[in-house]
>>> print(open('model.pdb').read())   # PDB, C-alpha atoms
MODEL        1
ATOM      1  CA  MET K   9      -6.558   6.706   7.107  1.00  0.00           C
ATOM      2  CA  ALA K  10      -6.468   6.287   3.352  1.00  0.00           C
ATOM      3  CA  TYR K  11      -8.884   6.016   0.452  1.00  0.00           C
ATOM      4  CA  HIS K  12      -9.079   2.757  -1.491  1.00  0.00           C
ATOM      5  CA  GLY K  13     -11.669   3.478  -4.162  1.00  0.00           C
ATOM      6  CA  TYR K  14     -15.419   3.220  -3.907  1.00  0.00           C
ATOM      7  CA  ARG K  15     -16.093  -0.142  -5.571  1.00  0.00           C
ATOM      8  CA  HIS K  16     -12.501  -1.359  -5.891  1.00  0.00           C
ATOM      9  CA  GLU K  17     -12.171   0.266  -9.323  1.00  0.00           C
ATOM     10  CA  SER K  18      -9.194   0.109 -11.657  1.00  0.00           C
ATOM     11  CA  PHE K  19      -8.154   3.759 -11.739  1.00  0.00           C
ATOM     12  CA  TYR K  20      -6.271   3.123 -14.965  1.00  0.00           C
ATOM     13  CA  ALA K  21      -9.551   2.252 -16.681  1.00  0.00           C
ATOM     14  CA  LEU K  22     -11.447   5.281 -15.360  1.00  0.00           C
ATOM     15  CA  SER K  23     -11.679   8.662 -17.034  1.00  0.00           C
ATOM     16  CA  ALA K  24     -10.482  11.683 -15.086  1.00  0.00           C
ATOM     17  CA  ASP K  25     -14.102  12.632 -14.326  1.00  0.00           C
ATOM     18  CA  GLN K  26     -14.850   9.118 -13.074  1.00  0.00           C
ATOM     19  CA  GLN K  27     -11.778   9.215 -10.839  1.00  0.00           C
ATOM     20  CA  ARG K  28     -12.881  12.568  -9.431  1.00  0.00           C
ATOM     21  CA  TRP K  29     -16.343  11.106  -8.751  1.00  0.00           C
ATOM     22  CA  VAL K  30     -14.810   8.157  -6.866  1.00  0.00           C
ATOM     23  CA  MET K  31     -12.618  10.448  -4.789  1.00  0.00           C
ATOM     24  CA  GLN K  32     -15.464  12.867  -3.989  1.00  0.00           C
ATOM     25  CA  THR K  33     -17.857  10.036  -3.124  1.00  0.00           C
ATOM     26  CA  SER K  34     -15.232   8.401  -0.918  1.00  0.00           C
ATOM     27  CA  ARG K  35     -14.418  11.709   0.730  1.00  0.00           C
ATOM     28  CA  ASP K  36     -18.116  12.319   1.483  1.00  0.00           C
ATOM     29  CA  ILE K  37     -18.492   8.844   2.998  1.00  0.00           C
ATOM     30  CA  PHE K  38     -15.392   9.239   5.158  1.00  0.00           C
ATOM     31  CA  TRP K  39     -16.715  12.553   6.433  1.00  0.00           C
ATOM     32  CA  GLN K  40     -20.326  11.432   6.984  1.00  0.00           C
ATOM     33  CA  ILE K  41     -19.511   8.094   8.610  1.00  0.00           C
ATOM     34  CA  LEU K  42     -16.116   8.628  10.267  1.00  0.00           C
ATOM     35  CA  GLY K  43     -15.955  12.405  10.593  1.00  0.00           C
ATOM     36  CA  ILE K  44     -12.484  12.532   9.036  1.00  0.00           C
ATOM     37  CA  ARG K  45     -10.689  13.560   5.879  1.00  0.00           C
ATOM     38  CA  ALA K  46      -8.279  10.868   4.736  1.00  0.00           C
ATOM     39  CA  GLU K  47      -4.752  11.942   3.866  1.00  0.00           C
ATOM     40  CA  GLY K  48      -3.706   8.934   1.831  1.00  0.00           C
ATOM     41  CA  PHE K  49      -4.659   6.698  -1.043  1.00  0.00           C
ATOM     42  CA  ARG K  50      -3.962   3.160  -2.176  1.00  0.00           C
ATOM     43  CA  THR K  51      -5.336   2.364  -5.595  1.00  0.00           C
ATOM     44  CA  PRO K  52      -7.441  -0.808  -5.510  1.00  0.00           C
ATOM     45  CA  SER K  53      -5.855  -2.239  -8.638  1.00  0.00           C
ATOM     46  CA  GLY K  54      -2.199  -1.305  -8.182  1.00  0.00           C
ATOM     47  CA  ASP K  55      -2.199   1.064 -11.161  1.00  0.00           C
ATOM     48  CA  TRP K  56      -3.353   4.516 -12.056  1.00  0.00           C
ATOM     49  CA  HIS K  57      -3.798   6.825 -14.982  1.00  0.00           C
ATOM     50  CA  GLN K  58      -1.555   9.747 -15.862  1.00  0.00           C
ATOM     51  CA  GLU K  59      -4.080  12.198 -14.370  1.00  0.00           C
ATOM     52  CA  THR K  60      -4.462  10.339 -11.067  1.00  0.00           C
ATOM     53  CA  PRO K  61      -1.719  12.089  -9.028  1.00  0.00           C
ATOM     54  CA  ALA K  62      -3.203  15.554  -9.740  1.00  0.00           C
ATOM     55  CA  ILE K  63      -6.711  14.260  -8.961  1.00  0.00           C
ATOM     56  CA  LEU K  64      -5.422  12.906  -5.661  1.00  0.00           C
ATOM     57  CA  LEU K  65      -3.870  16.248  -4.735  1.00  0.00           C
ATOM     58  CA  ASP K  66      -7.134  18.001  -5.617  1.00  0.00           C
ATOM     59  CA  ALA K  67      -8.926  15.578  -3.265  1.00  0.00           C
ATOM     60  CA  GLY K  68      -6.648  16.569  -0.387  1.00  0.00           C
ATOM     61  CA  VAL K  69      -4.459  13.469  -0.544  1.00  0.00           C
ATOM     62  CA  ALA K  70      -0.872  13.997   0.639  1.00  0.00           C
ATOM     63  CA  TYR K  71       0.512  10.512  -0.003  1.00  0.00           C
ATOM     64  CA  SER K  72      -0.132   7.392  -2.001  1.00  0.00           C
ATOM     65  CA  SER K  73       0.956   3.826  -1.355  1.00  0.00           C
ATOM     66  CA  SER K  74      -0.094   2.463  -4.724  1.00  0.00           C
ATOM     67  CA  MET K  75       2.900   1.967  -6.963  1.00  0.00           C
ATOM     68  CA  ARG K  76       5.930  -0.311  -6.813  1.00  0.00           C
ATOM     69  CA  GLY K  77       8.532   2.131  -8.138  1.00  0.00           C
ATOM     70  CA  ASP K  78      11.281   1.903  -5.524  1.00  0.00           C
ATOM     71  CA  ASP K  79      12.400   0.511  -2.174  1.00  0.00           C
ATOM     72  CA  ARG K  80      12.076   3.927  -0.533  1.00  0.00           C
ATOM     73  CA  PRO K  81       9.433   6.636  -0.667  1.00  0.00           C
ATOM     74  CA  TYR K  82       9.729   9.162  -3.460  1.00  0.00           C
ATOM     75  CA  LEU K  83       8.123  12.395  -4.617  1.00  0.00           C
ATOM     76  CA  VAL K  84       5.707  12.447  -7.543  1.00  0.00           C
ATOM     77  CA  LYS K  85       5.983  15.925  -9.024  1.00  0.00           C
ATOM     78  CA  ILE K  86       2.991  17.173 -10.962  1.00  0.00           C
ATOM     79  CA  ASN K  87       3.213  19.926 -13.573  1.00  0.00           C
ATOM     80  CA  GLY K  88       1.659  23.130 -12.376  1.00  0.00           C
ATOM     81  CA  ARG K  89       1.544  21.993  -8.739  1.00  0.00           C
ATOM     82  CA  GLU K  90       3.728  23.397  -6.037  1.00  0.00           C
ATOM     83  CA  ARG K  91       3.412  20.426  -3.714  1.00  0.00           C
ATOM     84  CA  PRO K  92       4.309  16.911  -4.901  1.00  0.00           C
ATOM     85  CA  LEU K  93       2.572  13.723  -3.871  1.00  0.00           C
ATOM     86  CA  VAL K  94       4.619  11.395  -1.669  1.00  0.00           C
ATOM     87  CA  GLU K  95       4.585   7.803  -2.937  1.00  0.00           C
ATOM     88  CA  ILE K  96       5.293   5.108  -0.349  1.00  0.00           C
ATOM     89  CA  PRO K  97       5.778   2.084  -2.573  1.00  0.00           C
ATOM     90  CA  GLY K  98       4.287  -1.254  -1.684  1.00  0.00           C
ATOM     91  CA  ARG K  99       6.005  -4.545  -2.336  1.00  0.00           C
ATOM     92  CA  TRP K 100       4.314  -7.458  -4.116  1.00  0.00           C
ATOM     93  CA  GLU K 101       6.211  -9.935  -1.988  1.00  0.00           C
ATOM     94  CA  MET K 102       4.704  -8.308   1.120  1.00  0.00           C
ATOM     95  CA  ASP K 103       1.151  -8.495  -0.247  1.00  0.00           C
ATOM     96  CA  ASP K 104      -0.775 -11.308   1.414  1.00  0.00           C
ATOM     97  CA  TYR K 105      -2.554 -11.983  -1.883  1.00  0.00           C
ATOM     98  CA  ALA K 106       0.711 -13.170  -3.416  1.00  0.00           C
ATOM     99  CA  SER K 107       1.115 -15.967  -0.865  1.00  0.00           C
ATOM    100  CA  LEU K 108      -2.225 -16.593   0.761  1.00  0.00           C
ATOM    101  CA  ALA K 109      -4.909 -15.849  -1.810  1.00  0.00           C
ATOM    102  CA  TYR K 110      -3.729 -17.803  -4.803  1.00  0.00           C
ATOM    103  CA  THR K 111      -0.855 -19.054  -6.875  1.00  0.00           C
ATOM    104  CA  ARG K 112      -1.266 -20.520 -10.329  1.00  0.00           C
ATOM    105  CA  GLU K 113       1.750 -22.816 -10.453  1.00  0.00           C
ATOM    106  CA  PRO K 114       1.836 -25.693 -10.550  1.00  0.00           C
ATOM    107  CA  ASN K 115      -1.366 -25.841 -12.520  1.00  0.00           C
ATOM    108  CA  PHE K 116      -2.036 -29.516 -11.800  1.00  0.00           C
ATOM    109  CA  PRO K 117      -4.677 -30.591 -11.673  1.00  0.00           C
ATOM    110  CA  ALA K 118      -5.689 -27.992 -14.207  1.00  0.00           C
ATOM    111  CA  GLY K 119      -7.952 -25.189 -12.992  1.00  0.00           C
ATOM    112  CA  LEU K 120      -7.097 -25.336  -9.283  1.00  0.00           C
ATOM    113  CA  ASP K 121      -5.330 -22.424  -7.637  1.00  0.00           C
ATOM    114  CA  ARG K 122      -2.913 -22.975  -4.769  1.00  0.00           C
ATOM    115  CA  THR K 123      -1.794 -21.011  -1.734  1.00  0.00           C
ATOM    116  CA  ALA K 124       1.672 -21.059  -0.242  1.00  0.00           C
ATOM    117  CA  GLY K 125       2.287 -22.862   3.038  1.00  0.00           C
ATOM    118  CA  TYR K 126       2.377 -20.756   6.174  1.00  0.00           C
ATOM    119  CA  ALA K 127       5.968 -21.715   7.003  1.00  0.00           C
ATOM    120  CA  SER K 128       7.169 -20.660   3.539  1.00  0.00           C
ATOM    121  CA  THR K 129       5.166 -17.449   3.724  1.00  0.00           C
ATOM    122  CA  LEU K 130       6.573 -16.561   7.144  1.00  0.00           C
ATOM    123  CA  ASP K 131      10.107 -17.369   5.983  1.00  0.00           C
ATOM    124  CA  ASN K 132       9.701 -15.173   2.882  1.00  0.00           C
ATOM    125  CA  TRP K 133       8.254 -12.251   4.846  1.00  0.00           C
ATOM    126  CA  CYS K 134      10.977 -12.459   7.502  1.00  0.00           C
ATOM    127  CA  ARG K 135      13.727 -12.584   4.878  1.00  0.00           C
ATOM    128  CA  GLU K 136      12.262  -9.580   3.034  1.00  0.00           C
ATOM    129  CA  PHE K 137      12.107  -7.655   6.292  1.00  0.00           C
ATOM    130  CA  ASP K 138      15.668  -8.600   7.303  1.00  0.00           C
ATOM    131  CA  GLY K 139      17.014  -7.644   3.888  1.00  0.00           C
ATOM    132  CA  ALA K 140      15.167  -4.327   3.848  1.00  0.00           C
ATOM    133  CA  MET K 141      16.384  -3.448   7.337  1.00  0.00           C
ATOM    134  CA  ASP K 142      19.982  -4.391   6.565  1.00  0.00           C
ATOM    135  CA  GLU K 143      19.880  -2.080   3.532  1.00  0.00           C
ATOM    136  CA  GLY K 144      18.003   0.767   5.265  1.00  0.00           C
ATOM    137  CA  LEU K 145      14.940   0.435   3.045  1.00  0.00           C
ATOM    138  CA  CYS K 146      11.238   0.987   3.524  1.00  0.00           C
ATOM    139  CA  LEU K 147       9.097  -2.129   3.781  1.00  0.00           C
ATOM    140  CA  THR K 148       5.404  -1.561   3.198  1.00  0.00           C
ATOM    141  CA  THR K 149       3.006  -4.418   3.796  1.00  0.00           C
ATOM    142  CA  LEU K 150      -0.318  -5.018   2.095  1.00  0.00           C
ATOM    143  CA  PHE K 151      -2.575  -7.155   4.277  1.00  0.00           C
ATOM    144  CA  HIS K 152      -6.243  -7.615   3.463  1.00  0.00           C
ATOM    145  CA  PRO K 153      -8.779  -8.500   6.187  1.00  0.00           C
ATOM    146  CA  LYS K 154     -10.470 -11.034   3.914  1.00  0.00           C
ATOM    147  CA  ILE K 155      -7.139 -12.792   3.287  1.00  0.00           C
ATOM    148  CA  SER K 156      -5.188 -12.475   6.545  1.00  0.00           C
ATOM    149  CA  GLY K 157      -8.167 -12.186   8.872  1.00  0.00           C
ATOM    150  CA  LYS K 158      -8.537 -15.918   9.420  1.00  0.00           C
ATOM    151  CA  PRO K 159      -7.512 -17.602  12.717  1.00  0.00           C
ATOM    152  CA  GLY K 160      -4.511 -19.501  11.319  1.00  0.00           C
ATOM    153  CA  ARG K 161      -3.340 -16.502   9.331  1.00  0.00           C
ATOM    154  CA  ILE K 162      -3.645 -14.206  12.322  1.00  0.00           C
ATOM    155  CA  MET K 163      -1.281 -16.600  14.112  1.00  0.00           C
ATOM    156  CA  LEU K 164       1.035 -16.284  11.095  1.00  0.00           C
ATOM    157  CA  LEU K 165       0.934 -12.500  11.441  1.00  0.00           C
ATOM    158  CA  ASP K 166       1.658 -12.811  15.175  1.00  0.00           C
ATOM    159  CA  HIS K 167       4.815 -14.808  14.386  1.00  0.00           C
ATOM    160  CA  PHE K 168       5.817 -12.255  11.758  1.00  0.00           C
ATOM    161  CA  PHE K 169       5.290  -9.335  14.146  1.00  0.00           C
ATOM    162  CA  ASP K 170       7.331 -11.155  16.817  1.00  0.00           C
ATOM    163  CA  HIS K 171      10.168 -11.344  14.282  1.00  0.00           C
ATOM    164  CA  LEU K 172       9.845  -7.625  13.482  1.00  0.00           C
ATOM    165  CA  ARG K 173      10.025  -6.646  17.146  1.00  0.00           C
ATOM    166  CA  ARG K 174      13.329  -8.487  17.684  1.00  0.00           C
ATOM    167  CA  ARG K 175      15.213  -5.544  16.205  1.00  0.00           C
ATOM    168  CA  ASP K 176      15.569  -2.275  18.048  1.00  0.00           C
ATOM    169  CA  ASP K 177      16.373  -0.179  14.955  1.00  0.00           C
ATOM    170  CA  VAL K 178      12.948  -0.355  13.298  1.00  0.00           C
ATOM    171  CA  TRP K 179      10.546   2.520  12.914  1.00  0.00           C
ATOM    172  CA  PHE K 180       6.984   1.167  12.846  1.00  0.00           C
ATOM    173  CA  ALA K 181       4.962   3.972  11.336  1.00  0.00           C
ATOM    174  CA  GLN K 182       1.713   4.736   9.606  1.00  0.00           C
ATOM    175  CA  CYS K 183       2.017   5.894   6.018  1.00  0.00           C
ATOM    176  CA  ARG K 184       0.954   9.432   6.925  1.00  0.00           C
ATOM    177  CA  ASP K 185       3.897   9.672   9.340  1.00  0.00           C
ATOM    178  CA  VAL K 186       6.309   8.282   6.755  1.00  0.00           C
ATOM    179  CA  ALA K 187       4.998  10.790   4.196  1.00  0.00           C
ATOM    180  CA  SER K 188       5.353  13.700   6.600  1.00  0.00           C
ATOM    181  CA  TRP K 189       8.888  12.652   7.515  1.00  0.00           C
ATOM    182  CA  TRP K 190       9.874  12.115   3.856  1.00  0.00           C
ATOM    183  CA  ARG K 191       8.459  15.481   2.833  1.00  0.00           C
ATOM    184  CA  GLN K 192      10.402  17.192   5.634  1.00  0.00           C
ATOM    185  CA  GLU K 193      13.643  15.348   4.805  1.00  0.00           C
ATOM    186  CA  HIS K 194      13.324  16.223   1.110  1.00  0.00           C
ATOM    187  CA  SER K 195      11.915  19.736   1.373  1.00  0.00           C
ATOM    188  CA  ASP K 196      14.695  21.072  -0.861  1.00  0.00           C
ATOM    189  CA  GLU K 197      13.438  18.854  -3.729  1.00  0.00           C
ATOM    190  CA  GLN K 198       9.868  20.132  -3.650  1.00  0.00           C
TER
ENDMDL
END
>>> encode(input="model.pdb", output="structure tokens")
Amino acid sequence: MAYHGYRHESFYALSADQQRWVMQTSRDIFWQILGIRAEGFRTPSGDWHQETPAILLDAGVAYSSSMRGDDRPYLVKINGRERPLVEIPGRWEMDDYASLAYTREPNFPAGLDRTAGYASTLDNWCREFDGAMDEGLCLTTLFHPKISGKPGRIMLLDHFFDHLRRRDDVWFAQCRDVASWWRQEHSDEQ
């Protein structure tokens, strides 16, 4: 389970105190409603401020899946902190918004957004997956219920998941498991 802001804020635009308020409020809600403490974080806006990693550690977050800095997880070291934050980078091309929420080209007639066709979207996702697997990379998806949670799009996801399951060398894991594994594999770098 991971935090994703309180009101879908841009963490880059928030002061450190405002970020702390969002994290504390979110943490309280998770505890009161779900009875859990989340271990992860995905920034709502795909960016963060310089202070954000330390604020996340203070909030008990062990990993983030917010940035796009690599094709594999990496450690975000924070001055004065013994334990780094594990970043599990997302991929824009694996974000359903990029294909299914809107595209701006071609802009004809002017003012109308477009979405990609399902066949093209499935082909793109499958090719990204195949390429990542052939290179031994991490492929993190970003699917939103309000975008992919429609009957036709759920069928699209079913076809995509069928493609993923055709390989027997894939580790399907939650981000917390990837972060734990990465931290263990790179314990000498911490």
>>> residues_around(input="model.pdb", residues="region 50-52 of chain K", least_positions_apart="6", cutoff="12 Å", atoms="all atoms listed in the file", output="ChimeraX atom specification")
/K:9-22,27,30-31,60-61,64,69-76,94-98,148-150,152,183
>>> write_last_selection(input="model.pdb", atoms="C-alpha atoms", output="PDB file, in the coordinates of the input")
ATOM      1  CA  MET K   9      -6.558   6.706   7.107  1.00  0.00           C
ATOM      2  CA  ALA K  10      -6.468   6.287   3.352  1.00  0.00           C
ATOM      3  CA  TYR K  11      -8.884   6.016   0.452  1.00  0.00           C
ATOM      4  CA  HIS K  12      -9.079   2.757  -1.491  1.00  0.00           C
ATOM      5  CA  GLY K  13     -11.669   3.478  -4.162  1.00  0.00           C
ATOM      6  CA  TYR K  14     -15.419   3.220  -3.907  1.00  0.00           C
ATOM      7  CA  ARG K  15     -16.093  -0.142  -5.571  1.00  0.00           C
ATOM      8  CA  HIS K  16     -12.501  -1.359  -5.891  1.00  0.00           C
ATOM      9  CA  GLU K  17     -12.171   0.266  -9.323  1.00  0.00           C
ATOM     10  CA  SER K  18      -9.194   0.109 -11.657  1.00  0.00           C
ATOM     11  CA  PHE K  19      -8.154   3.759 -11.739  1.00  0.00           C
ATOM     12  CA  TYR K  20      -6.271   3.123 -14.965  1.00  0.00           C
ATOM     13  CA  ALA K  21      -9.551   2.252 -16.681  1.00  0.00           C
ATOM     14  CA  LEU K  22     -11.447   5.281 -15.360  1.00  0.00           C
ATOM     15  CA  GLN K  27     -11.778   9.215 -10.839  1.00  0.00           C
ATOM     16  CA  VAL K  30     -14.810   8.157  -6.866  1.00  0.00           C
ATOM     17  CA  MET K  31     -12.618  10.448  -4.789  1.00  0.00           C
ATOM     18  CA  THR K  60      -4.462  10.339 -11.067  1.00  0.00           C
ATOM     19  CA  PRO K  61      -1.719  12.089  -9.028  1.00  0.00           C
ATOM     20  CA  LEU K  64      -5.422  12.906  -5.661  1.00  0.00           C
ATOM     21  CA  VAL K  69      -4.459  13.469  -0.544  1.00  0.00           C
ATOM     22  CA  ALA K  70      -0.872  13.997   0.639  1.00  0.00           C
ATOM     23  CA  TYR K  71       0.512  10.512  -0.003  1.00  0.00           C
ATOM     24  CA  SER K  72      -0.132   7.392  -2.001  1.00  0.00           C
ATOM     25  CA  SER K  73       0.956   3.826  -1.355  1.00  0.00           C
ATOM     26  CA  SER K  74      -0.094   2.463  -4.724  1.00  0.00           C
ATOM     27  CA  MET K  75       2.900   1.967  -6.963  1.00  0.00           C
ATOM     28  CA  ARG K  76       5.930  -0.311  -6.813  1.00  0.00           C
ATOM     29  CA  VAL K  94       4.619  11.395  -1.669  1.00  0.00           C
ATOM     30  CA  GLU K  95       4.585   7.803  -2.937  1.00  0.00           C
ATOM     31  CA  ILE K  96       5.293   5.108  -0.349  1.00  0.00           C
ATOM     32  CA  PRO K  97       5.778   2.084  -2.573  1.00  0.00           C
ATOM     33  CA  GLY K  98       4.287  -1.254  -1.684  1.00  0.00           C
ATOM     34  CA  THR K 148       5.404  -1.561   3.198  1.00  0.00           C
ATOM     35  CA  THR K 149       3.006  -4.418   3.796  1.00  0.00           C
ATOM     36  CA  LEU K 150      -0.318  -5.018   2.095  1.00  0.00           C
ATOM     37  CA  HIS K 152      -6.243  -7.615   3.463  1.00  0.00           C
ATOM     38  CA  CYS K 183       2.017   5.894   6.018  1.00  0.00           C
TER      39      CYS K 183
END
>>> closest_atom_pairs(input="model.pdb", of="region 158-184 of chain K", to="region 121-134 of chain K", cutoff="8 Å", atoms="only C-alpha atoms", output="CSV")
residue,atom,partner,partner_atom,distance
K:Arg161,CA,K:Tyr126,CA,7.8
K:Leu164,CA,K:Tyr126,CA,6.8
K:His167,CA,K:Leu130,CA,7.7
K:Phe168,CA,K:Leu130,CA,6.4
K:His171,CA,K:Cys134,CA,6.9
K:Leu172,CA,K:Cys134,CA,7.8
>>> resolve_selection(input="model.pdb", expression="the PyMOL selection byres ((chain K and resi 144) around 12)", output="JSON, numbers by chain")
{"K": [79, 80, 81, 137, 138, 139, 140, 141, 142, 143, 145, 146, 147, 177, 178, 179]}
>>> closest_residue(input="model.pdb", among="K:Ala24, K:Met163, K:Ala109, K:Ala181", to="Ile63 (chain K)", atoms="all atoms listed in the file")
K:Ala24
>>> atom_distance(input="model.pdb", atom1="CA of Leu42 (chain K)", atom2="CA of Leu165 (chain K)")
27.2 Å
>>> closest_residue(input="model.pdb", among="K:Arg99, K:Arg28, K:Arg173, K:Arg191", to="Phe151 (chain K)", atoms="only C-alpha atoms")
K:Arg99
>>> closest_residue(input="model.pdb", among="K:His57, K:Ala67, K:Ser156, K:Glu136", to="Tyr105 (chain K)", atoms="all atoms listed in the file")
K:Ser156
>>> residues_around(input="model.pdb", residues="Glu90 (chain K)", least_positions_apart="4", cutoff="10 Å", atoms="all atoms listed in the file", output="number ranges by chain")
K: 85-86, 198
>>> atom_distance(input="model.pdb", atom1="CA of Gly68 (chain K)", atom2="CA of Val186 (chain K)")
17.0 Å
>>> atom_distance(input="model.pdb", atom1="CA of Ala62 (chain K)", atom2="CA of Ser195 (chain K)")
19.2 Å
>>> closest_residue(input="model.pdb", among="K:Asp176, K:Asp104, K:Asp36, K:Glu59", to="Ser23 (chain K)", atoms="only C-alpha atoms")
K:Glu59
>>> axis_aligned_box(input="model.pdb", around="region 188-195 of chain K", padding_each_side="8 Å", output="AutoDock Vina command-line options")
--center_x 9.5 --center_y 15.9 --center_z 4.3 --size_x 24.3 --size_y 23.6 --size_z 22.4
